[in-house]
Structures are given as C-alpha cells and as structure tokens.
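Chemist: Input upload_20.cif, format and content: mmCIF, C-alpha atoms.
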```
data_protein
#
loop_
_atom_site.label_atom_id
_atom_site.label_comp_id
_atom_site.auth_asym_id
_atom_site.auth_seq_id
_atom_site.Cartn_x
_atom_site.Cartn_y
_atom_site.Cartn_z
CA MET A 1 4.80 77.36 0.71
CA LEU A 2 7.66 75.06 1.60
CA GLU A 3 5.70 73.60 4.47
CA GLU A 4 2.78 72.83 2.19
CA LEU A 5 5.12 71.09 -0.28
CA VAL A 6 6.65 68.97 2.45
CA ALA A 7 3.22 68.05 3.76
CA ALA A 8 2.11 67.05 0.25
CA VAL A 9 5.20 64.85 -0.21
CA LEU A 10 4.64 63.20 3.12
CA ALA A 11 0.99 62.61 2.30
CA ALA A 12 1.90 61.12 -1.07
CA GLY A 13 4.51 58.88 0.58
CA ALA A 14 2.02 57.70 3.16
CA ALA A 15 -0.56 56.99 0.46
CA GLY A 16 2.01 55.06 -1.55
CA LEU A 17 3.00 53.07 1.50
CA VAL A 18 -0.61 52.21 2.22
CA TYR A 19 -1.12 51.23 -1.43
CA ALA A 20 2.00 49.04 -1.45
CA THR A 21 0.92 47.39 1.77
CA ALA A 22 -2.53 46.66 0.38
CA ALA A 23 -1.18 45.44 -2.98
CA ALA A 24 1.71 43.31 -1.73
CA ARG A 25 1.25 39.55 -1.63
CA VAL A 26 3.63 36.70 -0.79
CA VAL A 27 3.11 33.29 -2.39
CA LYS A 28 4.78 30.39 -0.63
CA GLN A 29 6.87 27.76 -2.39
CA TYR A 30 4.14 25.09 -2.30
CA GLU A 31 1.39 27.51 -3.40
CA ARG A 32 0.23 29.17 -6.59
CA GLY A 33 -1.75 32.41 -6.84
CA VAL A 34 -4.85 32.76 -9.04
CA VAL A 35 -5.81 36.41 -9.63
CA PHE A 36 -9.36 37.57 -10.41
CA ARG A 37 -9.74 41.12 -11.76
CA LEU A 38 -13.27 42.37 -11.47
CA GLY A 39 -14.49 38.78 -11.22
CA ARG A 40 -12.60 37.46 -14.25
CA LEU A 41 -9.51 35.25 -14.32
CA HIS A 42 -6.61 37.58 -15.04
CA GLY A 43 -3.19 36.74 -16.36
CA ALA A 44 -1.01 33.78 -15.61
CA VAL A 45 -0.81 31.98 -12.33
CA ARG A 46 1.42 33.83 -9.89
CA ARG A 47 4.60 31.95 -9.03
CA PRO A 48 6.08 31.62 -5.53
CA GLY A 49 7.61 34.76 -4.07
CA PHE A 50 6.64 38.45 -3.83
CA THR A 51 3.90 39.72 -6.13
CA MET A 52 1.63 42.77 -6.47
CA ILE A 53 -2.07 43.14 -7.21
CA VAL A 54 -4.36 46.12 -7.67
CA PRO A 55 -6.16 46.75 -4.39
CA ALA A 56 -9.98 46.81 -4.50
CA VAL A 57 -9.81 45.57 -8.11
CA ASP A 58 -7.89 42.32 -7.97
CA ARG A 59 -8.52 39.38 -5.66
CA MET A 60 -5.95 36.63 -5.37
CA ARG A 61 -6.73 33.09 -4.23
CA LYS A 62 -3.90 30.82 -3.18
CA VAL A 63 -4.04 27.13 -4.13
CA ASN A 64 -2.02 24.48 -2.30
CA MET A 65 -0.01 22.30 -4.71
CA GLN A 66 1.06 19.68 -2.17
CA ILE A 67 -0.14 16.08 -2.28
CA VAL A 68 -3.28 15.77 -0.19
CA THR A 69 -3.99 12.61 1.82
CA MET A 70 -7.74 12.14 2.09
CA PRO A 71 -9.29 9.22 3.97
CA VAL A 72 -12.41 7.78 2.39
CA PRO A 73 -15.12 6.90 4.96
CA ALA A 74 -15.96 3.21 5.25
CA GLN A 75 -18.59 2.15 2.72
CA GLU A 76 -20.90 -0.82 3.10
CA GLY A 77 -21.80 -2.89 0.09
CA ILE A 78 -22.63 -6.34 -1.22
CA THR A 79 -20.02 -8.11 -3.30
CA ARG A 80 -20.75 -10.00 -6.48
CA ASP A 81 -20.87 -13.27 -4.52
CA ASN A 82 -23.48 -11.81 -2.10
CA VAL A 83 -21.30 -11.05 0.93
CA THR A 84 -21.87 -7.90 2.95
CA VAL A 85 -18.59 -6.07 3.58
CA ARG A 86 -17.43 -2.71 4.89
CA VAL A 87 -14.45 -1.18 3.07
CA ASP A 88 -12.50 2.01 3.66
CA ALA A 89 -9.70 3.53 1.61
CA VAL A 90 -7.34 6.50 1.31
CA VAL A 91 -6.80 8.77 -1.72
CA TYR A 92 -3.61 10.68 -2.55
CA PHE A 93 -4.10 13.55 -5.03
CA LYS A 94 -2.68 16.95 -5.93
CA VAL A 95 -3.63 20.03 -7.96
CA VAL A 96 -1.86 20.39 -11.31
CA ASP A 97 -3.95 23.25 -12.78
CA PRO A 98 -4.74 25.90 -10.15
CA GLY A 99 -7.00 27.87 -12.50
CA ALA A 100 -9.22 24.87 -13.29
CA ALA A 101 -9.30 23.83 -9.62
CA VAL A 102 -10.69 27.25 -8.68
CA VAL A 103 -12.95 27.93 -11.67
CA ASN A 104 -14.30 24.54 -12.77
CA VAL A 105 -15.36 23.17 -9.38
CA GLU A 106 -16.68 24.83 -6.25
CA ASP A 107 -14.63 22.73 -3.80
CA TYR A 108 -12.27 20.26 -5.38
CA ARG A 109 -11.55 18.50 -2.06
CA PHE A 110 -15.23 17.78 -1.45
CA ALA A 111 -15.69 16.72 -5.07
CA VAL A 112 -12.81 14.23 -4.90
CA SER A 113 -14.13 12.87 -1.60
CA GLN A 114 -17.62 12.24 -3.00
CA MET A 115 -16.27 10.69 -6.19
CA ALA A 116 -14.02 8.38 -4.15
CA GLN A 117 -16.96 7.18 -2.03
CA THR A 118 -19.18 6.42 -5.02
CA SER A 119 -16.34 4.72 -6.89
CA LEU A 120 -15.53 2.59 -3.85
CA ARG A 121 -19.13 1.38 -3.65
CA SER A 122 -19.07 0.57 -7.34
CA ILE A 123 -15.85 -1.43 -6.96
CA ILE A 124 -17.37 -3.41 -4.07
CA GLY A 125 -20.39 -4.38 -6.16
CA LYS A 126 -18.24 -5.49 -9.11
CA SER A 127 -15.74 -7.56 -7.12
CA GLU A 128 -15.84 -10.84 -5.26
CA LEU A 129 -14.78 -11.36 -1.67
CA ASP A 130 -11.58 -13.17 -2.61
CA ASP A 131 -10.54 -10.24 -4.82
CA LEU A 132 -11.07 -7.76 -1.99
CA LEU A 133 -8.93 -9.85 0.33
CA SER A 134 -6.11 -11.00 -1.93
CA ASN A 135 -6.14 -8.99 -5.18
CA ARG A 136 -6.15 -5.44 -3.85
CA GLU A 137 -3.50 -4.14 -6.24
CA LYS A 138 -5.78 -4.61 -9.22
CA LEU A 139 -8.72 -3.07 -7.37
CA ASN A 140 -6.59 -0.07 -6.39
CA GLN A 141 -5.72 0.55 -10.02
CA GLY A 142 -9.35 0.30 -11.11
CA LEU A 143 -10.44 2.64 -8.32
CA GLU A 144 -7.75 5.14 -9.29
CA LEU A 145 -8.94 5.21 -12.90
CA MET A 146 -12.56 5.71 -11.85
CA ILE A 147 -11.68 8.71 -9.69
CA ASP A 148 -9.08 10.22 -12.03
CA SER A 149 -11.36 10.40 -15.09
CA PRO A 150 -13.65 13.21 -13.82
CA ALA A 151 -10.90 14.79 -11.70
CA VAL A 152 -8.92 15.77 -14.80
CA GLU A 153 -11.50 18.47 -15.59
CA TRP A 154 -11.08 19.85 -12.07
CA GLY A 155 -7.34 20.41 -12.52
CA VAL A 156 -6.62 17.54 -10.10
CA THR A 157 -4.65 14.35 -10.68
CA ILE A 158 -4.93 11.21 -8.54
CA ASP A 159 -1.54 10.03 -7.38
CA ARG A 160 -2.68 6.69 -5.92
CA VAL A 161 -5.57 4.99 -4.12
CA GLU A 162 -5.19 2.32 -1.44
CA ILE A 163 -7.86 0.11 0.12
CA LYS A 164 -7.09 0.13 3.83
CA ASP A 165 -9.32 -2.42 5.49
CA VAL A 166 -12.09 -4.89 4.65
CA SER A 167 -14.44 -5.64 7.54
CA LEU A 168 -16.40 -8.89 7.38
CA PRO A 169 -19.42 -10.05 9.41
CA ASP A 170 -18.67 -12.29 12.39
CA THR A 171 -20.49 -15.22 10.80
CA MET A 172 -18.32 -14.96 7.69
CA LYS A 173 -15.17 -14.80 9.80
CA ARG A 174 -16.16 -17.99 11.62
CA SER A 175 -16.97 -19.71 8.34
CA MET A 176 -13.59 -18.73 6.87
CA ALA A 177 -11.83 -19.93 10.01
CA ARG A 178 -13.59 -23.31 9.79
CA GLN A 179 -12.71 -23.54 6.10
CA ALA A 180 -9.04 -22.82 6.78
CA GLU A 181 -8.99 -25.32 9.63
CA ALA A 182 -10.60 -28.02 7.47
CA ASP A 183 -8.11 -27.36 4.67
CA ARG A 184 -5.15 -27.66 7.04
CA GLU A 185 -6.55 -30.87 8.51
CA ARG A 186 -7.01 -32.28 5.01
CA ARG A 187 -3.40 -31.50 4.13
CA ALA A 188 -2.21 -33.04 7.41
CA ARG A 189 -4.12 -36.23 6.68
CA LEU A 190 -2.73 -36.40 3.15
CA ILE A 191 0.80 -35.99 4.45
CA ASN A 192 0.22 -38.65 7.12
CA ALA A 193 -1.27 -41.04 4.56
CA ASP A 194 1.66 -40.49 2.21
CA ALA A 195 4.08 -41.18 5.07
CA GLU A 196 2.23 -44.38 5.93
CA TYR A 197 2.32 -45.45 2.29
CA GLN A 198 6.06 -44.90 2.03
CA ALA A 199 6.64 -46.68 5.34
CA SER A 200 4.55 -49.67 4.19
CA LYS A 201 6.62 -49.92 1.01
CA LYS A 202 9.84 -49.95 3.02
CA LEU A 203 8.42 -52.54 5.42
CA ALA A 204 7.38 -54.73 2.50
CA GLN A 205 10.90 -54.53 1.08
CA ALA A 206 12.32 -55.39 4.50
CA ALA A 207 9.96 -58.35 4.80
CA HIS A 208 11.06 -59.72 1.42
CA GLN A 209 14.70 -59.29 2.41
CA MET A 210 14.18 -61.11 5.72
CA ALA A 211 12.28 -63.89 3.97
CA ASP A 212 15.31 -64.52 1.78
CA THR A 213 17.63 -64.45 4.83
CA PRO A 214 15.98 -66.13 7.87
CA SER A 215 18.87 -65.23 10.17
CA ALA A 216 18.06 -61.54 9.67
CA LEU A 217 14.68 -62.08 11.33
CA GLN A 218 16.38 -63.63 14.37
CA LEU A 219 18.83 -60.70 14.57
CA ARG A 220 15.93 -58.28 14.40
CA LEU A 221 14.20 -60.18 17.19
CA LEU A 222 17.32 -59.96 19.36
CA GLN A 223 17.57 -56.19 18.66
CA THR A 224 13.97 -55.75 19.78
CA VAL A 225 14.63 -57.69 22.99
CA MET A 226 17.72 -55.58 23.68
CA ALA A 227 15.78 -52.37 23.09
CA VAL A 228 13.08 -53.46 25.54
CA ALA A 229 15.66 -54.57 28.12
CA ALA A 230 17.45 -51.18 27.88
CA GLU A 231 14.44 -49.44 29.41
CA LYS A 232 15.29 -50.93 32.85
CA ASN A 233 12.01 -52.80 33.09
CA SER A 234 11.49 -55.66 35.52
CA THR A 235 9.49 -57.57 32.91
CA LEU A 236 11.08 -58.91 29.75
CA VAL A 237 8.74 -59.33 26.78
CA LEU A 238 9.53 -62.08 24.27
CA PRO A 239 7.40 -61.98 21.10
CA ILE A 240 6.19 -65.42 19.96
CA PRO A 241 5.67 -65.88 16.22
CA VAL A 242 2.15 -66.82 15.15
CA GLU A 243 3.56 -69.69 13.08
CA LEU A 244 4.86 -71.31 16.26
CA LEU A 245 1.41 -71.25 17.86
CA ARG A 246 -0.16 -72.70 14.73
CA PHE A 247 2.49 -75.43 14.64
CA LEU A 248 1.85 -76.45 18.26
CA GLU A 249 -1.91 -76.50 17.68
CA ARG A 250 -1.51 -78.64 14.55
CA GLY A 251 0.86 -81.03 16.34
CA HIS A 252 -1.58 -81.41 19.22
CA GLU A 253 -4.45 -82.25 16.86
CA GLU A 254 -2.32 -84.81 14.96
CA GLY A 255 -1.26 -86.44 18.24
CA ARG A 256 -4.86 -86.81 19.38
CA ALA A 257 -5.88 -88.28 16.01
CA GLU A 258 -3.08 -90.85 16.07
CA GLY A 259 -3.90 -91.72 19.69
CA HIS A 260 -7.49 -92.47 18.81
CA ALA A 261 -6.45 -94.54 15.80
CA GLU A 262 -3.91 -96.70 17.61
CA GLY A 263 -5.76 -96.94 20.90
CA ARG A 264 -3.06 -94.92 22.69
CA GLN A 265 -0.61 -97.92 22.45
CA ALA A 266 2.17 -96.52 20.29
CA PRO A 267 5.68 -97.82 20.84
CA ALA A 268 8.20 -95.75 22.76
CA HIS A 269 10.49 -95.29 19.77
CA ASP A 270 7.59 -93.76 17.80
CA ASP A 271 7.07 -91.20 20.58
CA ALA A 272 10.76 -90.34 20.50
CA GLY A 273 10.67 -89.96 16.73
CA LYS A 274 7.63 -87.70 16.95
CA THR A 275 9.37 -85.61 19.56
CA GLU A 276 12.40 -85.18 17.35
CA ARG A 277 10.29 -84.27 14.35
CA ALA A 278 8.34 -81.75 16.45
CA MET A 279 11.55 -80.14 17.67
CA GLU A 280 12.89 -79.93 14.12
CA GLU A 281 9.68 -78.32 12.83
CA LEU A 282 9.71 -75.96 15.78
CA ARG A 283 13.24 -74.89 14.94
CA ARG A 284 12.31 -74.29 11.31
CA ALA A 285 9.25 -72.29 12.31
CA VAL A 286 11.34 -70.10 14.61
CA GLU A 287 13.81 -69.55 11.80
CA ARG A 288 10.97 -68.48 9.48
#
```
If you convert what's in this file into structure tokens, what do you get?
Modeler:
Amino acid sequence: MLEELVAAVLAAGAAGLVYATAAARVVKQYERGVVFRLGRLHGAVRRPGFTMIVPAVDRMRKVNMQIVTMPVPAQEGITRDNVTVRVDAVVYFKVVDPGAAVVNVEDYRFAVSQMAQTSLRSIIGKSELDDLLSNREKLNQGLELMIDSPAVEWGVTIDRVEIKDVSLPDTMKRSMARQAEADRERRARLINADAEYQASKKLAQAAHQMADTPSALQLRLLQTVMAVAAEKNSTLVLPIPVELLRFLERGHEEGRAEGHAEGRQAPAHDDAGKTERAMEELRRAVER
C-alpha cells in the first residue's frame, strides 16, 4: 500500500512538472505577450518576466516593442515639373498596442512597408525637383503623416521618416552642372565688372588731381620709369605723351605753311624766336 502511495505521489509530481514546463513562459524586457484562449484575445498583455499559460488551451504570441528600422525600396516617379527621379527612404516605427498589431493586421511590418512605398510615390508626384533636393525636411514630415494615419489602427506609430537619396538621370545632372557653371561665371563677371567700375572711378579722381597739380604727373612718370628699371632689363622704356606728338606735328605743319608763304626766306632771328617758342610749348606740353 505504501509503495502504491509513493508511486502515485511521484506520478503526480512528474505530471505537475510536465504541466509547469509546458505552461511556463518568459517574456523579455523589450517584448510583450498577447495571449489567445481558444482563439480569442484573453486578458491583459503580459508584461516582461515569468508568466504562465494554460497548455493546449492558451497560445501566447510575443510582440517586439523596439523601434524598427525599415528601408523603403527605391521608387521611380515623375515630379510635378516633369522630371523622372528615383527616390529611396527609411522608416523608423514601433508597436505601441501589441493587441491591435496582432489582431487588426496580418503582418504589420509588411503593411507599413507597402504604405511607405505608396506614400513615397505620392510625395514624388506632388513635389518639384528643387523640393526633393533642398527641402527634404518638409517632405519628410508630409511622408510621416501619410504613413502614420493608417498605421494608428494597426497599433503602430511612426517615429520618423527620412528620404535617403534622390537619383537623377545623367542628362539632368549635366544640365544642372551647366546651369551651376553658368551662374558662377555670371557672378564672376559681375564681380569683375564692379571692380573695373570702382577702379575707373579712382583713376578718374587721380586724373583730376594730377590735372590740378602738373608736377604730380611728372613724379608718376618717374615712378613708372624706376619700376621698369628695377626689373634689370637692358631696354629702358620712356612713355611719350600723345600731346607731345600732336604738338610736333602741328609745329611742322605751321613751319611748312610759313615757308611757302615767305618763299623760305625768313630772317635768322625769326627762326631763333620760333625755336624758343617751340621749346616753351614743348615744356608746357610735357608738364601737362
């Protein structure tokens, strides 16, 4: 009798151990447990730690609560200004309601992926090329709202959406490069023209100042000669004012006219006087 009692206790203990092993579950810190009893959602969501279920009656499904990083495949589309582009993005989301994520949608990851792709195509069609290249922050916010609206019913919230890359056709890249090059050349020419304008104003002021002080022009001429001589050249260049050439030409024409009028028989003192006058006018011209 005693042996039968001991055997029964051992059998009961073994059965209990098997039951506890089958019913024991461990939920990790970043997970939540959703229990289905006979196919129906039962009780509250199981928290992290050790928990028990009824074997063969309950079925527990664990849901990851971490933020999921999901790349969105590159989507081709035509922008509002008729440019063909290829855009890819990345979506960051997490589950906030494990029960809705399991019950309301078959596969919430696949659902978010498909919604992100369709939303990305819609954003491409509504935007212009300049917005895709320079105003991505606004597009990211609009894309996040488009994905988050249906995802709320799935127990999922969108943390953020980022457009990664915008691929352009080679012809468009060359056109943009030519446009940028032309714009930089235009700005360079404007800067050069402005510098020339300012330099011309300064030169005009210097010319007026030298006109009021003739000796300044001679000093400037000597400085130029010294600068040329400092280069150790064997040839010394002396600039001749245009007024001097015009004066010599005018004096030559006047001398020929007077020679024809007087029959080339002018007195010697007249020649000396003309020579003195010519030298005086030459000196004045050099001073100017």
Chemist: Nearest to Ser149 in chain A among A:Ser167, A:Ser127, A:Ser119, A:Asn82, with distances taken over all atoms listed in the file: which residue is it?
Modeler: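 Counting all atoms listed in the file, the residue closest to Ser149 in chain A is A:Ser119.
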Chemist: Report as a list in words all protein, DNA and RNA residues lying within 10 Å of Ser122 in chain A, evaluated on all atoms listed in the file, omitting residues in the same chain fewer than 4 positions from it.
Modeler: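 Close residues of Ser122 in chain A: Gly77, Ile78, Thr79, Ala116, Gln117, Thr118, Lys126, Ser127, Leu143 and Met146 of chain A.
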Chemist: Work out how far apart CA of Arg86 in chain A and CA of Asp165 in chain A are and give it in Å to one decimal.
Modeler: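 CA of Asp165 in chain A lies 8.1 Å from CA of Arg86 in chain A.
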Chemist: Could you tell me which of A:Ala195, A:Ala101, A:Ala182, A:Ala7 comes closest to Ala151 in chain A if we count only C-alpha atoms?
Modeler: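 For Ala151 in chain A, the nearest of the given residues is A:Ala101.
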Chemist: Residue by residue, what does the PyMOL selection byres ((chain A and resi 26-39) around 7) grab here? Present the result as a VMD selection string.
Modeler: chain A and resid 24 to 25 40 to 42 45 to 51 57 to 66 98 to 99
Chemist: Of the candidates A:Ala177, A:Leu2, A:Met226, A:Val161, which shows the shortest atom-to-atom distance to Gly142 in chain A, using all atoms listed in the file?
Modeler: A:Val161
Chemist: When you draw a straight line from CA of Arg184 in chain A to CA of Asn135 in chain A, how long is it in Å?
Modeler: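 Taking CA of Arg184 in chain A as the start and CA of Asn135 in chain A as the end point, the length is 22.3 Å.
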Chemist: Just how far from CA of Ile123 in chain A is CA of Glu137 in chain A, in Å to one decimal?
Modeler: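 So the two atoms, CA of Glu137 in chain A and CA of Ile123 in chain A, lie 12.7 Å apart.
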Chemist: For a cutoff of 12 Å around the file-coordinate point (-10.5, 17.8, -7.9), which residues qualify once you count only C-alpha atoms? I'd like the result as an mmCIF file with C-alpha atoms, in the frame of the given file.
Modeler:
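The result, stored in out_2.cif:
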```cif
data_model
loop_
_atom_site.group_PDB
_atom_site.id
_atom_site.type_symbol
_atom_site.label_atom_id
_atom_site.label_comp_id
_atom_site.auth_asym_id
_atom_site.auth_seq_id
_atom_site.Cartn_x
_atom_site.Cartn_y
_atom_site.Cartn_z
ATOM 1 C CA VAL A 63 -4.040 27.130 -4.130
ATOM 2 C CA MET A 65 -0.010 22.300 -4.710
ATOM 3 C CA ILE A 67 -0.140 16.080 -2.280
ATOM 4 C CA VAL A 68 -3.280 15.770 -0.190
ATOM 5 C CA MET A 70 -7.740 12.140 2.090
ATOM 6 C CA VAL A 91 -6.800 8.770 -1.720
ATOM 7 C CA TYR A 92 -3.610 10.680 -2.550
ATOM 8 C CA PHE A 93 -4.100 13.550 -5.030
ATOM 9 C CA LYS A 94 -2.680 16.950 -5.930
ATOM 10 C CA VAL A 95 -3.630 20.030 -7.960
ATOM 11 C CA VAL A 96 -1.860 20.390 -11.310
ATOM 12 C CA ASP A 97 -3.950 23.250 -12.780
ATOM 13 C CA PRO A 98 -4.740 25.900 -10.150
ATOM 14 C CA GLY A 99 -7.000 27.870 -12.500
ATOM 15 C CA ALA A 100 -9.220 24.870 -13.290
ATOM 16 C CA ALA A 101 -9.300 23.830 -9.620
ATOM 17 C CA VAL A 102 -10.690 27.250 -8.680
ATOM 18 C CA VAL A 103 -12.950 27.930 -11.670
ATOM 19 C CA ASN A 104 -14.300 24.540 -12.770
ATOM 20 C CA VAL A 105 -15.360 23.170 -9.380
ATOM 21 C CA GLU A 106 -16.680 24.830 -6.250
ATOM 22 C CA ASP A 107 -14.630 22.730 -3.800
ATOM 23 C CA TYR A 108 -12.270 20.260 -5.380
ATOM 24 C CA ARG A 109 -11.550 18.500 -2.060
ATOM 25 C CA PHE A 110 -15.230 17.780 -1.450
ATOM 26 C CA ALA A 111 -15.690 16.720 -5.070
ATOM 27 C CA VAL A 112 -12.810 14.230 -4.900
ATOM 28 C CA SER A 113 -14.130 12.870 -1.600
ATOM 29 C CA GLN A 114 -17.620 12.240 -3.000
ATOM 30 C CA MET A 115 -16.270 10.690 -6.190
ATOM 31 C CA ALA A 116 -14.020 8.380 -4.150
ATOM 32 C CA ILE A 147 -11.680 8.710 -9.690
ATOM 33 C CA ASP A 148 -9.080 10.220 -12.030
ATOM 34 C CA SER A 149 -11.360 10.400 -15.090
ATOM 35 C CA PRO A 150 -13.650 13.210 -13.820
ATOM 36 C CA ALA A 151 -10.900 14.790 -11.700
ATOM 37 C CA VAL A 152 -8.920 15.770 -14.800
ATOM 38 C CA GLU A 153 -11.500 18.470 -15.590
ATOM 39 C CA TRP A 154 -11.080 19.850 -12.070
ATOM 40 C CA GLY A 155 -7.340 20.410 -12.520
ATOM 41 C CA VAL A 156 -6.620 17.540 -10.100
ATOM 42 C CA THR A 157 -4.650 14.350 -10.680
ATOM 43 C CA ILE A 158 -4.930 11.210 -8.540
ATOM 44 C CA ASP A 159 -1.540 10.030 -7.380
#
```
Chemist: Determine the nearest neighbour of Gly16 in chain A from the options A:Pro55, A:Ala44, A:Val83, A:Leu190, counting all atoms listed in the file.
Modeler: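 Using all atoms listed in the file, Gly16 in chain A sits closest to A:Pro55.
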